[in-house]
Amino acid sequence: MRKALASLALVFGLSFSLSAAPVKTGFGEVDISPDIGMERPGGYGKGYHQAFHDPCKARAVVFDDGEKPVALVGLDALIVVKQHVEKVRKRVAEKTDIAPEAIMIGASHSHSSGPTGMVQQGDLDHADELVRDLAYDQSSSADPIYVERMIDGITRAIIHAWETRSDLSVGFGRGEEDGISFNRRWRMKNGLTFTHPRYGNPDAIETAGPIDPEVGVIAAWDENGDMIGCVVNFACHATASPRGISANWPWAMEKVIRGTFGDDVVVVFLNGNSGDVTQVDNASPYQRVGGRPDAMRVGGTVGAEVVKVILGMNPTGWTKEATLDFRQKNLQIPRRKPSPERLATCREIVREKPTEAKALNDWIWAKEIVILNALIQKEPIRSVEVQTIQIGPAVFISNPAEYFCEFGLQQKEGSKFPFTWPVSLANDCVGYVPTSEALGPNGGGYETRLTSYSNLVPEAGDQICDTGIALANDMKPDAVFEPAPTAEFSAGWRYGDVPPELD
């Protein structure tokens, strides 16, 4: 087989790895649900969970070739930040043979999950009293009790996957679902681009960006043919929020997959580049239904496509061998700075309490500018990690952002891997990273607002994208393992090679 692949590589000029080794695979999951009463993340002020819908989890898969084991973690969380990831990596490295730089942790961006941000405890301790009040008391903040629960849960999920790894057969595949995700940015008649202009807006012309309909899947089976777990990659905001604590629409996706393959199947979900992609169709003439029905619609549809992809994987195309590899690079990217005039105006605005402010919307964005200025004083340049992890013919390319979908399509086009799957909000969070066009004269919209959450310079998106492609192409993909060919023709089916019989 390897000689045949080598010959094909020479004929077609392909560069495939011929060093695939036997791999052991393991899965693990741990419940990391927040408590009722803890903060609900995802806004610019404080909100609190008052109900429970379904558990939030940390789900992990480990692939081990005996030399370069790697781990992928799908996390039901709004965000995960660098200091939390570093703690997980350190703890896992102490208990396993997995190197810290071989662990990728991707947050699903569930707006109905636990309090992991936006503001981190300690980040603004250096600032004055006004800023500390705005950050810690008036903004969505990480809860240290919950953060430790999350870190411990991720660590235990990876270690369980490591300790239970075995000779599973692995299959790779992709599907397509283009009916439940939509680019939320629209070009307007005034020459700018707005977010969610809403149906019927006479000034909306067309969507300003793409979606990525690809549903990427890696599935693993035991010797009895029972599926143990799978990895799913799809790009869509997790904002179809059921009422209460929830993994958001990935909950319904898991429900559909488990309904087909068993209640113990571990579904590791890694969100693609969905910074400008949600489940909201601004071109729909019908009233939007949110909450649980919306989560069922989105997650159920994606889950059904995952099931279809898995069922379409011919067992003779499964493999127990794969090349494992990883790369990592930290970019140093400056923040955008508010002007002194804007900062002075904003400080005046936020001296009022939000309940007393004449224009709450203006107060929110003024608050963000004041907090951002304090963050810039402490850290004017952000360290931005880009990571690639290879499993056979597939490569996962991380970014720590609500990254625009277009960049993911560029990475897929520029990668030499048969399967290229971007993972957003992985290993850290630097907020929205739009295209340079979106931050240009004809851009605009929610994602381009300057806030304490989103503030990298316009060229950041291209730098992250190009780095991911370069890291991926520094590794050699395995060829896609093809199913066994049919036997050479000898005869047709004897029951079926007769003329019609009428009497």
# chains A, B, ... in the order shown; residues from 1 in each chain; ligands from 1
$ residues_around --residues "range 299-315 of chain A" --least-positions-apart "2" --cutoff "6 Å" --atoms "only C-alpha atoms" --output "CSV table (one decimal) with N, CA, C and O atoms, in the first residue's frame"
chain,number,residue,atom,x,y,z
A,175,GLY,N,-19.5,16.4,5.3
A,175,GLY,CA,-20.8,16.6,4.7
A,175,GLY,C,-21.0,18.1,4.4
A,175,GLY,O,-20.1,18.9,4.5
A,249,TRP,N,-27.0,25.0,21.0
A,249,TRP,CA,-27.5,24.1,20.0
A,249,TRP,C,-26.6,22.8,19.9
A,249,TRP,O,-27.1,21.8,19.4
A,250,PRO,N,-25.3,22.8,20.3
A,250,PRO,CA,-24.6,21.6,20.3
A,250,PRO,C,-25.2,20.5,21.2
A,250,PRO,O,-25.0,19.3,21.0
A,252,ALA,N,-28.4,19.7,21.1
A,252,ALA,CA,-29.3,19.0,20.2
A,252,ALA,C,-28.6,18.2,19.2
A,252,ALA,O,-29.0,17.1,18.8
A,253,MET,N,-27.4,18.7,18.8
A,253,MET,CA,-26.6,17.9,17.9
A,253,MET,C,-26.1,16.6,18.6
A,253,MET,O,-26.2,15.5,18.0
A,256,VAL,N,-29.0,14.1,18.8
A,256,VAL,CA,-29.3,13.3,17.5
A,256,VAL,C,-28.3,12.2,17.3
A,256,VAL,O,-28.6,11.1,16.9
A,257,ILE,N,-27.0,12.6,17.5
A,257,ILE,CA,-25.9,11.6,17.3
A,257,ILE,C,-26.0,10.4,18.2
A,257,ILE,O,-25.9,9.3,17.9
A,295,ALA,N,-32.6,25.9,19.0
A,295,ALA,CA,-31.5,25.0,19.3
A,295,ALA,C,-31.7,23.6,18.7
A,295,ALA,O,-30.8,23.0,18.1
A,296,MET,N,-33.0,23.1,18.8
A,296,MET,CA,-33.3,21.9,18.1
A,296,MET,C,-33.1,21.9,16.6
A,296,MET,O,-32.6,21.0,16.0
A,297,ARG,N,-33.6,23.0,16.0
A,297,ARG,CA,-33.5,23.2,14.6
A,297,ARG,C,-32.1,23.2,14.1
A,297,ARG,O,-31.7,22.4,13.2
A,317,GLY,N,-12.8,1.4,4.9
A,317,GLY,CA,-11.9,2.6,4.8
A,317,GLY,C,-11.5,3.1,6.2
A,317,GLY,O,-10.8,4.1,6.2
A,318,TRP,N,-11.9,2.4,7.2
A,318,TRP,CA,-11.4,2.8,8.6
A,318,TRP,C,-10.0,2.4,8.7
A,318,TRP,O,-9.5,1.6,8.0
$ closest_atom_pairs --of "range 286-382 of chain A" --to "range 186-200 of chain A" --cutoff "12 Å" --atoms "only C-alpha atoms" --output "Markdown table"
| residue | atom | partner | partner_atom | distance |
| --- | --- | --- | --- | --- |
| A:Tyr286 | CA | A:Tyr199 | CA | 8.7 |
| A:Gln287 | CA | A:Tyr199 | CA | 9.4 |
| A:Arg288 | CA | A:Tyr199 | CA | 10.3 |
$ select_by_dssp --residues "range 54-135 of chain A" --states "helix (DSSP H, G or I)" --output "PyMOL selection string"
chain A and resi 82-95+100-102+129-135
$ write_last_selection --atoms "C-alpha atoms" --output "mmCIF file, in the first residue's frame"
data_model
loop_
_atom_site.group_PDB
_atom_site.id
_atom_site.type_symbol
_atom_site.label_atom_id
_atom_site.label_comp_id
_atom_site.auth_asym_id
_atom_site.auth_seq_id
_atom_site.Cartn_x
_atom_site.Cartn_y
_atom_site.Cartn_z
ATOM 1 C CA LYS A 82 -4.773 31.699 27.960
ATOM 2 C CA GLN A 83 -4.088 31.497 31.692
ATOM 3 C CA HIS A 84 -6.752 28.813 32.077
ATOM 4 C CA VAL A 85 -5.404 26.839 29.126
ATOM 5 C CA GLU A 86 -1.883 27.008 30.525
ATOM 6 C CA LYS A 87 -3.065 25.530 33.820
ATOM 7 C CA VAL A 88 -4.781 22.661 32.017
ATOM 8 C CA ARG A 89 -1.753 21.978 29.847
ATOM 9 C CA LYS A 90 0.557 21.927 32.865
ATOM 10 C CA ARG A 91 -1.670 19.569 34.854
ATOM 11 C CA VAL A 92 -2.162 17.203 31.913
ATOM 12 C CA ALA A 93 1.573 17.128 31.145
ATOM 13 C CA GLU A 94 2.225 16.040 34.733
ATOM 14 C CA LYS A 95 -0.134 13.062 34.406
ATOM 15 C CA PRO A 100 1.446 21.188 26.445
ATOM 16 C CA GLU A 101 1.720 22.465 22.874
ATOM 17 C CA ALA A 102 -0.108 19.332 21.622
ATOM 18 C CA GLU A 129 -11.292 52.894 41.292
ATOM 19 C CA LEU A 130 -13.655 53.976 38.489
ATOM 20 C CA VAL A 131 -12.247 51.434 36.050
ATOM 21 C CA ARG A 132 -12.230 48.623 38.617
ATOM 22 C CA ASP A 133 -15.892 49.288 39.353
ATOM 23 C CA LEU A 134 -16.776 49.298 35.639
ATOM 24 C CA ALA A 135 -14.887 46.052 35.029
#
$ residues_around --residues "range 50-65 of chain A" --least-positions-apart "5" --cutoff "8 Å" --atoms "only C-alpha atoms" --output "ChimeraX atom specification"
/A:21-34,36-37,70-77,113-114,150,153-154,157-158,161-162,165,231,242-247,251,266-269,322-324,391
$ select_by_dssp --residues "range 94-334 of chain A" --states "strand (DSSP E)" --output "number ranges by chain"
A: 103-107, 169-176, 182-183, 185-188, 193-195, 204-207, 214-221, 227-234, 266-271, 277-278, 321-322, 324-334
$ atom_distance --atom1 "CA of Gly229 in chain A" --atom2 "CA of Val265 in chain A"
4.9 Å
$ residues_around --residues "range 408-414 of chain A" --least-positions-apart "5" --cutoff "7 Å" --atoms "only C-alpha atoms" --output "VMD selection string"
chain A and resid 273 420 422 465 469
$ residues_around --residues "Val277 in chain A" --least-positions-apart "2" --cutoff "10 Å" --atoms "only C-alpha atoms" --output "mmCIF file with all heavy atoms, in the first residue's frame"
data_model
loop_
_atom_site.group_PDB
_atom_site.id
_atom_site.type_symbol
_atom_site.label_atom_id
_atom_site.label_comp_id
_atom_site.auth_asym_id
_atom_site.auth_seq_id
_atom_site.Cartn_x
_atom_site.Cartn_y
_atom_site.Cartn_z
ATOM 1 N N SER A 181 -27.181 28.101 8.727
ATOM 2 C CA SER A 181 -26.237 29.142 9.137
ATOM 3 C C SER A 181 -26.259 30.256 8.099
ATOM 4 O O SER A 181 -26.396 30.002 6.890
ATOM 5 C CB SER A 181 -24.822 28.576 9.291
ATOM 6 O OG SER A 181 -24.340 28.056 8.073
ATOM 7 N N PHE A 182 -26.104 31.492 8.584
ATOM 8 C CA PHE A 182 -26.246 32.655 7.713
ATOM 9 C C PHE A 182 -25.243 33.727 8.122
ATOM 10 O O PHE A 182 -25.001 33.937 9.313
ATOM 11 C CB PHE A 182 -27.669 33.232 7.809
ATOM 12 C CG PHE A 182 -28.740 32.216 7.555
ATOM 13 C CD1 PHE A 182 -29.245 31.458 8.607
ATOM 14 C CD2 PHE A 182 -29.208 31.988 6.278
ATOM 15 C CE1 PHE A 182 -30.229 30.499 8.382
ATOM 16 C CE2 PHE A 182 -30.191 31.030 6.047
ATOM 17 C CZ PHE A 182 -30.693 30.286 7.091
ATOM 18 N N ASN A 183 -24.667 34.398 7.136
ATOM 19 C CA ASN A 183 -23.807 35.525 7.458
ATOM 20 C C ASN A 183 -24.694 36.692 7.898
ATOM 21 O O ASN A 183 -25.624 37.066 7.193
ATOM 22 C CB ASN A 183 -22.947 35.927 6.266
ATOM 23 C CG ASN A 183 -21.770 36.795 6.688
ATOM 24 O OD1 ASN A 183 -21.953 37.920 7.132
ATOM 25 N ND2 ASN A 183 -20.568 36.254 6.568
ATOM 26 N N ARG A 184 -24.405 37.232 9.066
ATOM 27 C CA ARG A 184 -25.282 38.240 9.652
ATOM 28 C C ARG A 184 -24.930 39.667 9.235
ATOM 29 O O ARG A 184 -25.590 40.626 9.639
ATOM 30 C CB ARG A 184 -25.261 38.126 11.176
ATOM 31 C CG ARG A 184 -23.931 38.471 11.837
ATOM 32 C CD ARG A 184 -24.007 38.210 13.325
ATOM 33 N NE ARG A 184 -22.794 38.606 14.020
ATOM 34 C CZ ARG A 184 -22.615 38.470 15.333
ATOM 35 N NH1 ARG A 184 -23.568 37.933 16.069
ATOM 36 N NH2 ARG A 184 -21.497 38.863 15.917
ATOM 37 N N ARG A 185 -23.907 39.825 8.426
ATOM 38 C CA ARG A 185 -23.464 41.155 7.995
ATOM 39 C C ARG A 185 -23.991 41.445 6.579
ATOM 40 O O ARG A 185 -23.861 40.608 5.686
ATOM 41 C CB ARG A 185 -21.941 41.242 8.030
ATOM 42 C CG ARG A 185 -21.374 41.137 9.446
ATOM 43 C CD ARG A 185 -19.867 40.990 9.452
ATOM 44 N NE ARG A 185 -19.208 41.998 8.654
ATOM 45 C CZ ARG A 185 -19.010 43.255 9.025
ATOM 46 N NH1 ARG A 185 -19.429 43.675 10.231
ATOM 47 N NH2 ARG A 185 -18.406 44.113 8.238
ATOM 48 N N GLY A 209 -20.659 38.652 3.484
ATOM 49 C CA GLY A 209 -19.650 37.621 3.680
ATOM 50 C C GLY A 209 -20.241 36.243 3.475
ATOM 51 O O GLY A 209 -21.459 36.083 3.358
ATOM 52 N N PRO A 210 -19.393 35.234 3.460
ATOM 53 C CA PRO A 210 -19.839 33.866 3.186
ATOM 54 C C PRO A 210 -20.238 33.120 4.447
ATOM 55 O O PRO A 210 -20.110 33.633 5.570
ATOM 56 C CB PRO A 210 -18.590 33.234 2.578
ATOM 57 C CG PRO A 210 -17.468 33.890 3.334
ATOM 58 C CD PRO A 210 -17.925 35.309 3.573
ATOM 59 N N ILE A 211 -20.720 31.904 4.244
ATOM 60 C CA ILE A 211 -20.821 30.905 5.306
ATOM 61 C C ILE A 211 -19.908 29.754 4.910
ATOM 62 O O ILE A 211 -19.415 29.698 3.776
ATOM 63 C CB ILE A 211 -22.259 30.395 5.517
ATOM 64 C CG1 ILE A 211 -22.747 29.626 4.264
ATOM 65 C CG2 ILE A 211 -23.188 31.530 5.865
ATOM 66 C CD1 ILE A 211 -24.016 28.831 4.477
ATOM 67 N N ASP A 212 -19.685 28.843 5.825
ATOM 68 C CA ASP A 212 -18.940 27.624 5.527
ATOM 69 C C ASP A 212 -19.855 26.441 5.828
ATOM 70 O O ASP A 212 -20.080 26.111 6.989
ATOM 71 C CB ASP A 212 -17.670 27.529 6.366
ATOM 72 C CG ASP A 212 -16.805 26.324 5.999
ATOM 73 O OD1 ASP A 212 -17.271 25.482 5.191
ATOM 74 O OD2 ASP A 212 -15.675 26.225 6.520
ATOM 75 N N ALA A 235 -19.236 25.657 11.515
ATOM 76 C CA ALA A 235 -19.130 27.069 11.847
ATOM 77 C C ALA A 235 -20.494 27.718 12.022
ATOM 78 O O ALA A 235 -21.205 27.954 11.042
ATOM 79 C CB ALA A 235 -18.351 27.808 10.759
ATOM 80 N N CYS A 236 -20.864 27.994 13.286
ATOM 81 C CA CYS A 236 -22.092 28.734 13.565
ATOM 82 C C CYS A 236 -22.072 29.210 15.016
ATOM 83 O O CYS A 236 -21.744 28.443 15.926
ATOM 84 C CB CYS A 236 -23.336 27.882 13.318
ATOM 85 S SG CYS A 236 -24.896 28.783 13.501
ATOM 86 N N HIS A 237 -22.406 30.481 15.238
ATOM 87 C CA HIS A 237 -22.528 31.022 16.590
ATOM 88 C C HIS A 237 -23.433 30.124 17.450
ATOM 89 O O HIS A 237 -24.445 29.618 16.956
ATOM 90 C CB HIS A 237 -23.162 32.411 16.526
ATOM 91 C CG HIS A 237 -22.232 33.528 16.872
ATOM 92 N ND1 HIS A 237 -21.187 33.907 16.060
ATOM 93 C CD2 HIS A 237 -22.208 34.363 17.946
ATOM 94 C CE1 HIS A 237 -20.555 34.932 16.610
ATOM 95 N NE2 HIS A 237 -21.148 35.226 17.762
ATOM 96 N N ALA A 238 -23.083 29.963 18.703
ATOM 97 C CA ALA A 238 -23.925 29.188 19.618
ATOM 98 C C ALA A 238 -24.823 30.147 20.393
ATOM 99 O O ALA A 238 -24.694 30.338 21.606
ATOM 100 C CB ALA A 238 -23.072 28.355 20.560
ATOM 101 N N GLY A 272 -16.161 26.114 14.077
ATOM 102 C CA GLY A 272 -15.358 26.703 13.013
ATOM 103 C C GLY A 272 -15.337 28.216 13.122
ATOM 104 O O GLY A 272 -15.686 28.805 14.148
ATOM 105 N N ASN A 273 -14.932 28.872 12.046
ATOM 106 C CA ASN A 273 -14.817 30.327 12.059
ATOM 107 C C ASN A 273 -16.189 30.959 11.856
ATOM 108 O O ASN A 273 -16.654 31.140 10.733
ATOM 109 C CB ASN A 273 -13.845 30.783 10.976
ATOM 110 C CG ASN A 273 -12.416 30.386 11.298
ATOM 111 O OD1 ASN A 273 -12.116 29.954 12.408
ATOM 112 N ND2 ASN A 273 -11.527 30.531 10.334
ATOM 113 N N SER A 274 -16.821 31.319 12.962
ATOM 114 C CA SER A 274 -18.217 31.759 12.932
ATOM 115 C C SER A 274 -18.405 33.156 13.501
ATOM 116 O O SER A 274 -19.486 33.498 13.977
ATOM 117 C CB SER A 274 -19.085 30.767 13.716
ATOM 118 O OG SER A 274 -18.621 30.637 15.047
ATOM 119 N N GLY A 275 -17.359 33.992 13.464
ATOM 120 C CA GLY A 275 -17.464 35.327 14.025
ATOM 121 C C GLY A 275 -18.561 36.164 13.411
ATOM 122 O O GLY A 275 -19.150 37.025 14.073
ATOM 123 N N GLN A 279 -27.277 31.535 13.348
ATOM 124 C CA GLN A 279 -28.438 30.787 12.870
ATOM 125 C C GLN A 279 -29.580 31.709 12.453
ATOM 126 O O GLN A 279 -30.648 31.246 12.049
ATOM 127 C CB GLN A 279 -28.920 29.807 13.948
ATOM 128 C CG GLN A 279 -29.773 30.412 15.043
ATOM 129 C CD GLN A 279 -28.989 31.242 16.048
ATOM 130 O OE1 GLN A 279 -27.766 31.360 15.975
ATOM 131 N NE2 GLN A 279 -29.681 31.825 17.014
ATOM 132 N N VAL A 280 -29.377 33.028 12.537
ATOM 133 C CA VAL A 280 -30.427 34.009 12.231
ATOM 134 C C VAL A 280 -30.386 34.377 10.751
ATOM 135 O O VAL A 280 -29.379 34.870 10.249
ATOM 136 C CB VAL A 280 -30.263 35.275 13.089
ATOM 137 C CG1 VAL A 280 -31.349 36.296 12.739
ATOM 138 C CG2 VAL A 280 -30.309 34.925 14.569
ATOM 139 N N ASP A 281 -31.500 34.145 10.066
ATOM 140 C CA ASP A 281 -31.620 34.472 8.641
ATOM 141 C C ASP A 281 -32.297 35.835 8.492
ATOM 142 O O ASP A 281 -33.512 35.961 8.640
ATOM 143 C CB ASP A 281 -32.437 33.389 7.934
ATOM 144 C CG ASP A 281 -32.584 33.646 6.445
ATOM 145 O OD1 ASP A 281 -31.958 34.606 5.936
ATOM 146 O OD2 ASP A 281 -33.321 32.887 5.796
ATOM 147 N N GLU A 402 -13.238 35.275 17.763
ATOM 148 C CA GLU A 402 -14.466 35.166 16.994
ATOM 149 C C GLU A 402 -14.065 35.627 15.590
ATOM 150 O O GLU A 402 -14.182 36.794 15.225
ATOM 151 C CB GLU A 402 -15.569 36.019 17.605
ATOM 152 C CG GLU A 402 -16.070 35.496 18.942
ATOM 153 C CD GLU A 402 -17.384 36.123 19.349
ATOM 154 O OE1 GLU A 402 -18.374 35.959 18.598
ATOM 155 O OE2 GLU A 402 -17.422 36.772 20.401
ATOM 156 N N TYR A 403 -13.599 34.665 14.845
ATOM 157 C CA TYR A 403 -12.858 34.897 13.601
ATOM 158 C C TYR A 403 -13.825 34.844 12.419
ATOM 159 O O TYR A 403 -14.700 33.973 12.360
ATOM 160 C CB TYR A 403 -11.814 33.793 13.489
ATOM 161 C CG TYR A 403 -10.606 34.055 12.649
ATOM 162 C CD1 TYR A 403 -10.025 35.311 12.568
ATOM 163 C CD2 TYR A 403 -9.999 33.005 11.963
ATOM 164 C CE1 TYR A 403 -8.881 35.508 11.810
ATOM 165 C CE2 TYR A 403 -8.863 33.189 11.212
ATOM 166 C CZ TYR A 403 -8.301 34.448 11.131
ATOM 167 O OH TYR A 403 -7.166 34.641 10.388
ATOM 168 N N PHE A 404 -13.661 35.770 11.480
ATOM 169 C CA PHE A 404 -14.588 35.816 10.354
ATOM 170 C C PHE A 404 -14.476 34.571 9.481
ATOM 171 O O PHE A 404 -13.392 34.030 9.266
ATOM 172 C CB PHE A 404 -14.334 37.069 9.525
ATOM 173 C CG PHE A 404 -15.124 38.271 9.991
ATOM 174 C CD1 PHE A 404 -15.468 38.425 11.325
ATOM 175 C CD2 PHE A 404 -15.536 39.245 9.095
ATOM 176 C CE1 PHE A 404 -16.203 39.521 11.757
ATOM 177 C CE2 PHE A 404 -16.269 40.333 9.500
ATOM 178 C CZ PHE A 404 -16.609 40.495 10.836
ATOM 179 N N CYS A 405 -15.618 34.137 8.969
ATOM 180 C CA CYS A 405 -15.730 32.891 8.211
ATOM 181 C C CYS A 405 -14.820 32.873 6.984
ATOM 182 O O CYS A 405 -14.272 31.835 6.621
ATOM 183 C CB CYS A 405 -17.183 32.699 7.796
ATOM 184 S SG CYS A 405 -17.524 31.154 6.964
#
